[in-house]
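What follows is a short report on a single structure.
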Amino acid sequence: SVYFEDGETGSFLANISPNNIIQVSALSGHRLYATDANGWDRLSDINIIPNKDKYSFKSLKQDIDSENIENSTKEGNSYYSLNVRRETRAHPKVKGLNRQEKAIGAMAAKFRSLSSKTVDLWYDDGEDGTYNGHLDEGQETTTNTYEGHVFYVTRAGNKEEVIASFEMDPNQVIYVIRDDKYPASTEVIVQTEEELEFSESYYQKTGIHWRHHYGVNGPRAPPVLNMWPADHIGDVHRIVTSQGYWSCDDSPDCQSQDKITLELEVISQQPRAFIIPNFLSNFEADHIISLASPKLHKSAVGDANTGVLESQTRTSLNSWIDRHKSKITNTLFHRAANLLNIDEQLLNTHKNVEQLQVVHYSIGQKYDSHHDWGVSGHPESRYITLLLYLNDKENEQAGGDTSFPKAIIDGQQVGIKVHPGKGSAVLFYNLLEDGNGDDLSLHAALPVVKGEKWLANFWVWDPVMRTTD
């Protein structure tokens with residue numbers, strides 16, 4: 001029996017016999033579920049997503065038969081099954097944070113310029129100030145900061161002319177830069193006031209601040225790409241892909257023809273995060289490192305809209321690898337498309353995905369707490385972060401874990417850290433289901449204490465990737 005999940009007892013849609021097909025009407029974001037004929041035993045769930053019109057219900061009690069289930073994506077040879085089981089043990093790769101690692105005071109602050117002239121944004125470091133980029137009329141930017149930190153704004157090119165100064169408040173998200181001498185246009189001012197009004201209303205309804213884009217058409221729309229459910233910690237979803245592992249690159253038989261079964265286990269609901277064991281083979285992880293090593297350079301923060309800067313908060317080296325750099329990297333993008341349940345044609349740099357960013361950390365190197373999403377006057381946003389771990393830790397005390405200092409577990413903001421090991425991955429979503437930026441997706445690369453750390457960032461944008469003008 002197939003039901004629509006209406007938040008109550010469920011709305012019956014139809015009965016379906018074994019190995020048969022039914023057709024129902026549903027909208028993107030709706031959830032359907034199947035029960036046994038009596039309606040007592042809930043067997044499996046599906047989420048309706050755009051551009052997909054075939055779904056398969058699978059009993060949790062059955063083994064997967066990969067030859068009898070089809071996927072309607074253009075891959076045509078992968079499928080998924082939701083909630084195949086629920087683990088009751090604590091995940092062995094997930095640990096709690098100590099007091100120093102938590103640093104939960106970190107927060108995102110949004111600055112909006114209501115000056116008709118270009119202005120510069122500075123962090124007050126007690127000395128000469130740290131430059132944080134420039135803003136044109138109506139432009140906005142986000143930065144990660146802490147309660148009590150002070151930012152000030154100067155006229156572009158004239159550091160002595162201070163227009164505004166702000167002390168960071170955990171109960172405030174947007175900081176409006178007003179300029180009595182050169183005010184912005186009425187249109188820009190009115191839109192900003194509308195955003196402030198909306199933000200207050202949103203907070204009253206949800207208890208959280210609106211942090212993402214608000215434009216002439218209102219707040220950023222909900223994501224259009226798939227988001228895996230995370231109803232319970234320990235829930236496991238299963239994906240079968242034909243993008244087999246590579247074990248070498250010098251013969252026609254280097255890629256296995258065997259299908260791969262990938263499992264996503266929920267390790268956090270807030271933020272929505274998963275561990276995926278064995279996403280890469282050892283050879284594939286080594287191959288990525290070999291491509292990246294000759295091109296490593298100092299990592300930076302920021303973006304091309306407001307300025308790309310070196311920062312003491314990020315002390316690693318990185319390089320970028322294109323999807324089509326090799327047959328192996330192309331396979332990884334195909335495999336990621338199956339894992340994320342996204343059309344693989346969208347995972348190109350002119351559509352929804354960035355190049356693969358490979359990062360190397362030596363002893364003492366780190367990336368302090370930050371968000372992968374940001375606001376720069378446009379609704380396009382990083383939506384998915386898939387972290388690919390390319391080497392093992394030397395031991396449990398070697399550092400280099402990924403931390404989520406604001407993660408809420410059992411109703412408490414305790415924070416977690418994770419390093420799943422070579423070849424495995426961590427997936428988390430940067431946006432909430434309504435399109436708001438998820439403040440709880442704040443994360444950090446903790447300092448390496450022993451050995452080194454290699455990692456690759458795989459970033460997917462929604463609704464499309466924005467390129468610089």
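Chain labels run A, B, ... following the order of the structure tokens; each chain numbers its residues from 1, and ligands are numbered from 1 in the order shown.
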Give me, as a tab-separated table, the closest atom pair and its distance (Å, one decimal) for every residue of stretch 315-373 of chain A within a cut-off of 10 Å of stretch 92-114 of chain A, counting only C-alpha atoms, rows sorted by chain and rising number.
```
residue	atom	partner	partner_atom	distance
A:Asp368	CA	A:Ala103	CA	9.4
A:Ser369	CA	A:Ala106	CA	6.7
A:His370	CA	A:Ala106	CA	7.9
A:His371	CA	A:Ala108	CA	7.7
A:Trp373	CA	A:Ala108	CA	10.0
```
Got time to write the residues from that selection, N, CA and C atoms, as an mmCIF file, in the first residue's frame?
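Dumped to result-v7.cif:
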```
data_model
loop_
_atom_site.group_PDB
_atom_site.id
_atom_site.type_symbol
_atom_site.label_atom_id
_atom_site.label_comp_id
_atom_site.auth_asym_id
_atom_site.auth_seq_id
_atom_site.Cartn_x
_atom_site.Cartn_y
_atom_site.Cartn_z
ATOM 1 N N ASP A 368 39.958 27.200 10.428
ATOM 2 C CA ASP A 368 39.064 27.492 11.546
ATOM 3 C C ASP A 368 37.600 27.419 11.122
ATOM 4 N N SER A 369 36.700 27.471 12.114
ATOM 5 C CA SER A 369 35.258 27.322 11.866
ATOM 6 C C SER A 369 34.771 28.289 10.793
ATOM 7 N N HIS A 370 34.002 27.760 9.842
ATOM 8 C CA HIS A 370 33.514 28.552 8.714
ATOM 9 C C HIS A 370 32.304 27.859 8.109
ATOM 10 N N HIS A 371 31.581 28.583 7.285
ATOM 11 C CA HIS A 371 30.504 28.017 6.468
ATOM 12 C C HIS A 371 30.979 27.913 5.026
ATOM 13 N N TRP A 373 28.671 27.993 2.593
ATOM 14 C CA TRP A 373 27.763 28.881 1.894
ATOM 15 C C TRP A 373 28.081 30.318 2.304
#
```
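Distances to A:Asp462 were evaluated for A:Lys450, A:Lys417, A:His378, A:His287 using only C-alpha atoms, and the minimum falls at A:His378.
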Can you pull out every residue within 10 Å of stretch 193-205 of chain A, counting only C-alpha atoms, but drop anything in the same chain fewer than 2 positions away, and send it as a PDB file with N, CA, C and O atoms, in the first residue's frame?
```
ATOM      1  N   VAL A 173      22.157  39.291  12.720  1.00  0.00           N
ATOM      2  CA  VAL A 173      22.762  38.673  11.543  1.00  0.00           C
ATOM      3  C   VAL A 173      23.202  39.719  10.527  1.00  0.00           C
ATOM      4  O   VAL A 173      24.314  39.694  10.031  1.00  0.00           O
ATOM      5  N   ILE A 174      22.322  40.673  10.214  1.00  0.00           N
ATOM      6  CA  ILE A 174      22.613  41.638   9.168  1.00  0.00           C
ATOM      7  C   ILE A 174      23.039  42.968   9.778  1.00  0.00           C
ATOM      8  O   ILE A 174      22.420  43.466  10.722  1.00  0.00           O
ATOM      9  N   VAL A 176      23.808  46.798   8.597  1.00  0.00           N
ATOM     10  CA  VAL A 176      23.546  47.712   7.487  1.00  0.00           C
ATOM     11  C   VAL A 176      24.494  48.907   7.558  1.00  0.00           C
ATOM     12  O   VAL A 176      24.562  49.599   8.585  1.00  0.00           O
ATOM     13  N   VAL A 188      17.338  50.619  -3.360  1.00  0.00           N
ATOM     14  CA  VAL A 188      18.197  49.761  -2.547  1.00  0.00           C
ATOM     15  C   VAL A 188      17.813  49.868  -1.077  1.00  0.00           C
ATOM     16  O   VAL A 188      17.756  48.859  -0.351  1.00  0.00           O
ATOM     17  N   ILE A 189      17.526  51.065  -0.617  1.00  0.00           N
ATOM     18  CA  ILE A 189      17.158  51.274   0.783  1.00  0.00           C
ATOM     19  C   ILE A 189      15.840  50.570   1.106  1.00  0.00           C
ATOM     20  O   ILE A 189      15.713  49.890   2.133  1.00  0.00           O
ATOM     21  N   VAL A 190      14.845  50.702   0.223  1.00  0.00           N
ATOM     22  CA  VAL A 190      13.537  50.078   0.444  1.00  0.00           C
ATOM     23  C   VAL A 190      13.674  48.558   0.492  1.00  0.00           C
ATOM     24  O   VAL A 190      13.085  47.894   1.356  1.00  0.00           O
ATOM     25  N   GLN A 191      14.471  48.000  -0.418  1.00  0.00           N
ATOM     26  CA  GLN A 191      14.637  46.543  -0.431  1.00  0.00           C
ATOM     27  C   GLN A 191      15.305  46.066   0.858  1.00  0.00           C
ATOM     28  O   GLN A 191      14.949  45.020   1.410  1.00  0.00           O
ATOM     29  N   GLY A 207      12.136  30.679  15.017  1.00  0.00           N
ATOM     30  CA  GLY A 207      13.096  30.686  16.100  1.00  0.00           C
ATOM     31  C   GLY A 207      14.537  30.724  15.646  1.00  0.00           C
ATOM     32  O   GLY A 207      15.460  30.652  16.464  1.00  0.00           O
ATOM     33  N   ILE A 208      14.775  30.824  14.329  1.00  0.00           N
ATOM     34  CA  ILE A 208      16.128  30.968  13.795  1.00  0.00           C
ATOM     35  C   ILE A 208      16.174  32.185  12.886  1.00  0.00           C
ATOM     36  O   ILE A 208      15.145  32.653  12.380  1.00  0.00           O
ATOM     37  N   HIS A 209      17.358  32.706  12.668  1.00  0.00           N
ATOM     38  CA  HIS A 209      17.522  33.900  11.841  1.00  0.00           C
ATOM     39  C   HIS A 209      17.581  33.532  10.356  1.00  0.00           C
ATOM     40  O   HIS A 209      18.126  32.491   9.981  1.00  0.00           O
ATOM     41  N   TRP A 210      17.026  34.409   9.527  1.00  0.00           N
ATOM     42  CA  TRP A 210      17.221  34.256   8.084  1.00  0.00           C
ATOM     43  C   TRP A 210      18.619  34.754   7.753  1.00  0.00           C
ATOM     44  O   TRP A 210      18.972  35.899   8.035  1.00  0.00           O
ATOM     45  N   ARG A 211      19.422  33.907   7.143  1.00  0.00           N
ATOM     46  CA  ARG A 211      20.826  34.226   6.914  1.00  0.00           C
ATOM     47  C   ARG A 211      21.206  34.294   5.441  1.00  0.00           C
ATOM     48  O   ARG A 211      22.306  34.757   5.124  1.00  0.00           O
ATOM     49  N   HIS A 213      20.186  34.789   1.075  1.00  0.00           N
ATOM     50  CA  HIS A 213      19.872  35.893   0.163  1.00  0.00           C
ATOM     51  C   HIS A 213      18.418  36.333   0.274  1.00  0.00           C
ATOM     52  O   HIS A 213      17.505  35.515   0.427  1.00  0.00           O
ATOM     53  N   TYR A 214      18.228  37.643   0.207  1.00  0.00           N
ATOM     54  CA  TYR A 214      16.898  38.237   0.077  1.00  0.00           C
ATOM     55  C   TYR A 214      17.000  39.273  -1.026  1.00  0.00           C
ATOM     56  O   TYR A 214      17.763  40.234  -0.930  1.00  0.00           O
ATOM     57  N   GLY A 215      16.242  39.065  -2.118  1.00  0.00           N
ATOM     58  CA  GLY A 215      16.338  39.952  -3.266  1.00  0.00           C
ATOM     59  C   GLY A 215      15.030  40.630  -3.590  1.00  0.00           C
ATOM     60  O   GLY A 215      14.100  40.670  -2.774  1.00  0.00           O
ATOM     61  N   VAL A 216      14.927  41.140  -4.808  1.00  0.00           N
ATOM     62  CA  VAL A 216      13.722  41.864  -5.219  1.00  0.00           C
ATOM     63  C   VAL A 216      12.505  40.946  -5.232  1.00  0.00           C
ATOM     64  O   VAL A 216      11.365  41.413  -5.109  1.00  0.00           O
ATOM     65  N   GLY A 218      12.094  38.552  -3.009  1.00  0.00           N
ATOM     66  CA  GLY A 218      11.943  37.986  -1.674  1.00  0.00           C
ATOM     67  C   GLY A 218      13.071  37.043  -1.320  1.00  0.00           C
ATOM     68  O   GLY A 218      14.161  37.091  -1.903  1.00  0.00           O
ATOM     69  N   PRO A 219      12.843  36.131  -0.359  1.00  0.00           N
ATOM     70  CA  PRO A 219      13.913  35.236   0.102  1.00  0.00           C
ATOM     71  C   PRO A 219      14.266  34.177  -0.933  1.00  0.00           C
ATOM     72  O   PRO A 219      13.472  33.844  -1.812  1.00  0.00           O
TER      73      PRO A 219
END
```
Inset, instruction - Output as a VMD selection string all residues of stretch 166-306 of chain A that backbone DSSP marks as strand (DSSP E). - result: chain A and resid 166 to 167 174 to 178 214 to 215 218 to 219 235 to 241 260 to 268 273 to 276 297 to 298 301 to 303
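Here the DSSP assignment of alpha helix (DSSP H), based on backbone atoms, applies within stretch 277-359 of chain A to Asn282, Phe283, Glu284, Ala285, Asp286, His287, Ile288, Ile289, Ser290, Leu291, Ala292, Lys327, Ile328, Thr329, Asn330, Thr331, Leu332, Phe333, His334, Arg335, Ala336, Ala337, Asn338, Leu339 and Leu340 of chain A.
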Just N, CA, C and O atoms for this one: save the residues we selected as an mmCIF file, in the first residue's frame.
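Result file is selection.cif:
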```
data_model
loop_
_atom_site.group_PDB
_atom_site.id
_atom_site.type_symbol
_atom_site.label_atom_id
_atom_site.label_comp_id
_atom_site.auth_asym_id
_atom_site.auth_seq_id
_atom_site.Cartn_x
_atom_site.Cartn_y
_atom_site.Cartn_z
ATOM 1 N N ASN A 282 41.576 2.806 -2.794
ATOM 2 C CA ASN A 282 42.886 3.349 -2.407
ATOM 3 C C ASN A 282 43.616 3.934 -3.600
ATOM 4 O O ASN A 282 44.257 4.992 -3.498
ATOM 5 N N PHE A 283 43.522 3.258 -4.745
ATOM 6 C CA PHE A 283 44.203 3.759 -5.936
ATOM 7 C C PHE A 283 43.614 5.101 -6.368
ATOM 8 O O PHE A 283 44.356 6.011 -6.756
ATOM 9 N N GLU A 284 42.304 5.232 -6.312
ATOM 10 C CA GLU A 284 41.667 6.496 -6.714
ATOM 11 C C GLU A 284 42.086 7.640 -5.798
ATOM 12 O O GLU A 284 42.356 8.758 -6.261
ATOM 13 N N ALA A 285 42.158 7.377 -4.495
ATOM 14 C CA ALA A 285 42.602 8.412 -3.562
ATOM 15 C C ALA A 285 44.037 8.824 -3.870
ATOM 16 O O ALA A 285 44.358 10.029 -3.901
ATOM 17 N N ASP A 286 44.901 7.850 -4.117
ATOM 18 C CA ASP A 286 46.300 8.157 -4.438
ATOM 19 C C ASP A 286 46.401 8.913 -5.763
ATOM 20 O O ASP A 286 47.256 9.799 -5.925
ATOM 21 N N HIS A 287 45.543 8.562 -6.712
ATOM 22 C CA HIS A 287 45.545 9.222 -8.018
ATOM 23 C C HIS A 287 45.210 10.708 -7.881
ATOM 24 O O HIS A 287 45.846 11.557 -8.507
ATOM 25 N N ILE A 288 44.231 11.034 -7.050
ATOM 26 C CA ILE A 288 43.870 12.438 -6.834
ATOM 27 C C ILE A 288 45.046 13.205 -6.240
ATOM 28 O O ILE A 288 45.366 14.322 -6.666
ATOM 29 N N ILE A 289 45.722 12.604 -5.265
ATOM 30 C CA ILE A 289 46.881 13.258 -4.659
ATOM 31 C C ILE A 289 47.973 13.492 -5.694
ATOM 32 O O ILE A 289 48.602 14.561 -5.737
ATOM 33 N N SER A 290 48.200 12.509 -6.556
ATOM 34 C CA SER A 290 49.264 12.638 -7.556
ATOM 35 C C SER A 290 48.962 13.751 -8.552
ATOM 36 O O SER A 290 49.882 14.437 -9.027
ATOM 37 N N LEU A 291 47.682 13.954 -8.863
ATOM 38 C CA LEU A 291 47.314 15.039 -9.779
ATOM 39 C C LEU A 291 47.457 16.403 -9.109
ATOM 40 O O LEU A 291 47.820 17.388 -9.753
ATOM 41 N N ALA A 292 47.157 16.448 -7.821
ATOM 42 C CA ALA A 292 47.136 17.731 -7.116
ATOM 43 C C ALA A 292 48.515 18.195 -6.662
ATOM 44 O O ALA A 292 48.787 19.405 -6.624
ATOM 45 N N LYS A 327 40.317 9.766 -16.868
ATOM 46 C CA LYS A 327 39.167 8.861 -16.857
ATOM 47 C C LYS A 327 38.722 8.574 -15.423
ATOM 48 O O LYS A 327 37.524 8.396 -15.160
ATOM 49 N N ILE A 328 39.679 8.578 -14.526
ATOM 50 C CA ILE A 328 39.369 8.257 -13.131
ATOM 51 C C ILE A 328 38.576 9.387 -12.487
ATOM 52 O O ILE A 328 37.559 9.150 -11.818
ATOM 53 N N THR A 329 39.005 10.625 -12.681
ATOM 54 C CA THR A 329 38.268 11.746 -12.090
ATOM 55 C C THR A 329 36.872 11.860 -12.706
ATOM 56 O O THR A 329 35.904 12.181 -12.003
ATOM 57 N N ASN A 330 36.740 11.566 -13.981
ATOM 58 C CA ASN A 330 35.420 11.590 -14.603
ATOM 59 C C ASN A 330 34.502 10.536 -13.971
ATOM 60 O O ASN A 330 33.321 10.797 -13.711
ATOM 61 N N THR A 331 35.056 9.361 -13.692
ATOM 62 C CA THR A 331 34.285 8.323 -13.008
ATOM 63 C C THR A 331 33.818 8.801 -11.638
ATOM 64 O O THR A 331 32.674 8.548 -11.232
ATOM 65 N N LEU A 332 34.675 9.507 -10.916
ATOM 66 C CA LEU A 332 34.323 9.964 -9.567
ATOM 67 C C LEU A 332 33.155 10.934 -9.608
ATOM 68 O O LEU A 332 32.296 10.909 -8.718
ATOM 69 N N PHE A 333 33.096 11.784 -10.622
ATOM 70 C CA PHE A 333 31.972 12.703 -10.755
ATOM 71 C C PHE A 333 30.693 11.936 -11.083
ATOM 72 O O PHE A 333 29.615 12.258 -10.577
ATOM 73 N N HIS A 334 30.789 10.920 -11.942
ATOM 74 C CA HIS A 334 29.633 10.060 -12.222
ATOM 75 C C HIS A 334 29.158 9.368 -10.935
ATOM 76 O O HIS A 334 27.954 9.305 -10.656
ATOM 77 N N ARG A 335 30.107 8.841 -10.172
ATOM 78 C CA ARG A 335 29.764 8.133 -8.947
ATOM 79 C C ARG A 335 29.125 9.089 -7.935
ATOM 80 O O ARG A 335 28.158 8.726 -7.244
ATOM 81 N N ALA A 336 29.661 10.300 -7.869
ATOM 82 C CA ALA A 336 29.081 11.299 -6.965
ATOM 83 C C ALA A 336 27.652 11.645 -7.375
ATOM 84 O O ALA A 336 26.779 11.839 -6.525
ATOM 85 N N ALA A 337 27.391 11.717 -8.669
ATOM 86 C CA ALA A 337 26.033 11.993 -9.149
ATOM 87 C C ALA A 337 25.072 10.915 -8.660
ATOM 88 O O ALA A 337 23.955 11.205 -8.218
ATOM 89 N N ASN A 338 25.495 9.646 -8.739
ATOM 90 C CA ASN A 338 24.659 8.547 -8.240
ATOM 91 C C ASN A 338 24.457 8.666 -6.741
ATOM 92 O O ASN A 338 23.345 8.495 -6.229
ATOM 93 N N LEU A 339 25.533 8.954 -6.011
ATOM 94 C CA LEU A 339 25.453 9.072 -4.560
ATOM 95 C C LEU A 339 24.482 10.174 -4.140
ATOM 96 O O LEU A 339 23.687 9.999 -3.213
ATOM 97 N N LEU A 340 24.525 11.304 -4.834
ATOM 98 C CA LEU A 340 23.719 12.467 -4.463
ATOM 99 C C LEU A 340 22.340 12.440 -5.100
ATOM 100 O O LEU A 340 21.493 13.279 -4.786
#
```
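When atom CA of A:Asn457 is paired with atom CA of A:Ser242, their separation reads 22.7 Å.
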Could you build a table of the residues in stretch 323-364 of chain A lying no more than 10 Å from stretch 395-405 of chain A, giving for each the nearest pair of atoms and their separation in Å rounded to one decimal place, using only C-alpha atoms, ordered by chain and ascending residue number, as a Markdown table?
```
| residue | atom | partner | partner_atom | distance |
| --- | --- | --- | --- | --- |
| A:Tyr361 | CA | A:Gly400 | CA | 8.0 |
| A:Ser362 | CA | A:Gly400 | CA | 9.4 |
| A:Ile363 | CA | A:Gly399 | CA | 9.0 |
| A:Gly364 | CA | A:Gly399 | CA | 9.2 |
```
Inset, instruction - Find the residues near A:Lys351: any atom within 10 Å, counting only C-alpha atoms, skip ones fewer than 2 places away on the same chain, and give them as a list in words. - result: Gln345, Leu346, Leu347, Asn348, Thr349, Val353, Glu354, Val460, Trp461, Asp462, Pro463, Val464, Met465, Arg466 and Thr467 of chain A
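Take the candidates A:Ser56, A:Gln270, A:Asn352, A:Ser44 and check each one against A:Pro18 using only C-alpha atoms; the shortest distance goes to A:Ser56.
Contact shell of A:Tyr123 at 10 Å (only C-alpha atoms; same-chain neighbours under 4 positions omitted): Glu127, Asp128, Gly129, Thr130, Tyr131, Asn132, Thr145, His149, Val150, Phe151, Tyr152, Val153, Ser165 and Phe166 of chain A.
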Could you take the residues named above and write them with all heavy atoms, as a compact mmCIF listing (two decimals), in the first residue's frame?
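Writing the result to part_32.txt gives the following:
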```txt
# COMPACT_ATOMS: atom_id res chain seq x y z
N GLU A 127 45.41 46.42 15.65
CA GLU A 127 46.61 47.02 15.05
C GLU A 127 46.20 47.85 13.83
O GLU A 127 45.49 48.84 13.98
CB GLU A 127 47.61 45.92 14.69
CG GLU A 127 48.09 45.15 15.92
CD GLU A 127 49.07 44.05 15.58
OE1 GLU A 127 49.31 43.80 14.37
OE2 GLU A 127 49.61 43.42 16.51
N ASP A 128 46.60 47.42 12.65
CA ASP A 128 46.29 48.19 11.44
C ASP A 128 44.98 47.77 10.78
O ASP A 128 44.59 48.34 9.76
CB ASP A 128 47.43 48.07 10.43
CG ASP A 128 48.71 48.72 10.92
OD1 ASP A 128 48.60 49.69 11.71
OD2 ASP A 128 49.80 48.27 10.54
N GLY A 129 44.31 46.77 11.34
CA GLY A 129 43.09 46.28 10.73
C GLY A 129 43.36 45.23 9.68
O GLY A 129 44.39 45.27 8.99
N THR A 130 42.46 44.27 9.55
CA THR A 130 42.58 43.22 8.55
C THR A 130 41.53 43.45 7.47
O THR A 130 40.33 43.49 7.75
CB THR A 130 42.36 41.83 9.18
OG1 THR A 130 43.34 41.62 10.20
CG2 THR A 130 42.49 40.73 8.13
N TYR A 131 41.99 43.63 6.24
CA TYR A 131 41.10 43.93 5.12
C TYR A 131 40.22 42.73 4.81
O TYR A 131 40.69 41.60 4.69
CB TYR A 131 41.93 44.30 3.90
CG TYR A 131 41.14 44.63 2.66
CD1 TYR A 131 40.27 45.72 2.63
CD2 TYR A 131 41.27 43.86 1.51
CE1 TYR A 131 39.56 46.04 1.49
CE2 TYR A 131 40.56 44.16 0.36
CZ TYR A 131 39.71 45.25 0.36
OH TYR A 131 39.00 45.55 -0.78
N ASN A 132 38.90 42.98 4.68
CA ASN A 132 37.93 41.91 4.39
C ASN A 132 37.20 42.12 3.09
O ASN A 132 36.12 41.54 2.89
CB ASN A 132 36.93 41.79 5.55
CG ASN A 132 37.40 40.86 6.64
OD1 ASN A 132 36.84 39.81 6.89
ND2 ASN A 132 38.48 41.26 7.32
N THR A 145 32.71 35.17 12.22
CA THR A 145 33.31 35.98 13.27
C THR A 145 32.84 35.48 14.63
O THR A 145 32.23 34.41 14.72
CB THR A 145 32.93 37.46 13.05
OG1 THR A 145 33.59 38.26 14.03
CG2 THR A 145 31.43 37.68 13.14
N HIS A 149 33.76 40.72 18.49
CA HIS A 149 34.65 41.22 17.45
C HIS A 149 34.08 42.51 16.86
O HIS A 149 32.86 42.71 16.84
CB HIS A 149 34.82 40.18 16.33
CG HIS A 149 35.78 39.10 16.68
ND1 HIS A 149 36.21 38.17 15.76
CD2 HIS A 149 36.43 38.80 17.83
CE1 HIS A 149 37.06 37.33 16.32
NE2 HIS A 149 37.22 37.69 17.58
N VAL A 150 34.97 43.36 16.36
CA VAL A 150 34.56 44.64 15.81
C VAL A 150 35.01 44.75 14.36
O VAL A 150 36.17 44.43 14.03
CB VAL A 150 35.15 45.81 16.64
CG1 VAL A 150 34.83 47.16 15.98
CG2 VAL A 150 34.59 45.79 18.07
N PHE A 151 34.10 45.19 13.51
CA PHE A 151 34.40 45.49 12.11
C PHE A 151 34.11 46.97 11.87
O PHE A 151 33.17 47.53 12.45
CB PHE A 151 33.55 44.65 11.17
CG PHE A 151 33.94 43.19 11.14
CD1 PHE A 151 33.51 42.32 12.15
CD2 PHE A 151 34.74 42.69 10.13
CE1 PHE A 151 33.87 40.98 12.14
CE2 PHE A 151 35.09 41.35 10.10
CZ PHE A 151 34.66 40.50 11.11
N TYR A 152 34.90 47.58 11.01
CA TYR A 152 34.62 48.96 10.65
C TYR A 152 34.69 49.12 9.13
O TYR A 152 35.30 48.30 8.42
CB TYR A 152 35.56 49.93 11.37
CG TYR A 152 37.04 49.75 11.11
CD1 TYR A 152 37.69 50.48 10.11
CD2 TYR A 152 37.80 48.88 11.90
CE1 TYR A 152 39.05 50.34 9.89
CE2 TYR A 152 39.16 48.74 11.70
CZ TYR A 152 39.79 49.46 10.69
OH TYR A 152 41.13 49.31 10.48
N VAL A 153 34.05 50.18 8.66
CA VAL A 153 33.90 50.41 7.22
C VAL A 153 34.49 51.77 6.88
O VAL A 153 34.22 52.77 7.56
CB VAL A 153 32.41 50.37 6.82
CG1 VAL A 153 32.25 50.57 5.32
CG2 VAL A 153 31.77 49.06 7.27
N SER A 165 30.95 51.45 12.27
CA SER A 165 31.65 50.45 13.07
C SER A 165 30.61 49.57 13.75
O SER A 165 29.57 50.06 14.19
CB SER A 165 32.53 51.14 14.12
OG SER A 165 33.19 50.18 14.94
N PHE A 166 30.88 48.25 13.81
CA PHE A 166 29.92 47.30 14.35
C PHE A 166 30.60 46.33 15.31
O PHE A 166 31.64 45.76 14.97
CB PHE A 166 29.25 46.49 13.24
CG PHE A 166 28.63 47.32 12.15
CD1 PHE A 166 29.30 47.52 10.95
CD2 PHE A 166 27.38 47.89 12.31
CE1 PHE A 166 28.73 48.26 9.93
CE2 PHE A 166 26.80 48.64 11.31
CZ PHE A 166 27.48 48.83 10.11
```
Inset, instruction - Rank A:Ser1, A:Leu442, A:Lys422, A:Ile416 by their smallest atom-to-atom distance to A:Glu394, using only C-alpha atoms, and report the top residue only. - result: A:Lys422
Inset, instruction - Name all residues at most 9 Å from A:Ala26 (count only C-alpha atoms; drop same-chain ones fewer than 5 positions away) and give them as a ChimeraX atom specification. - result: /A:4,31-32,48
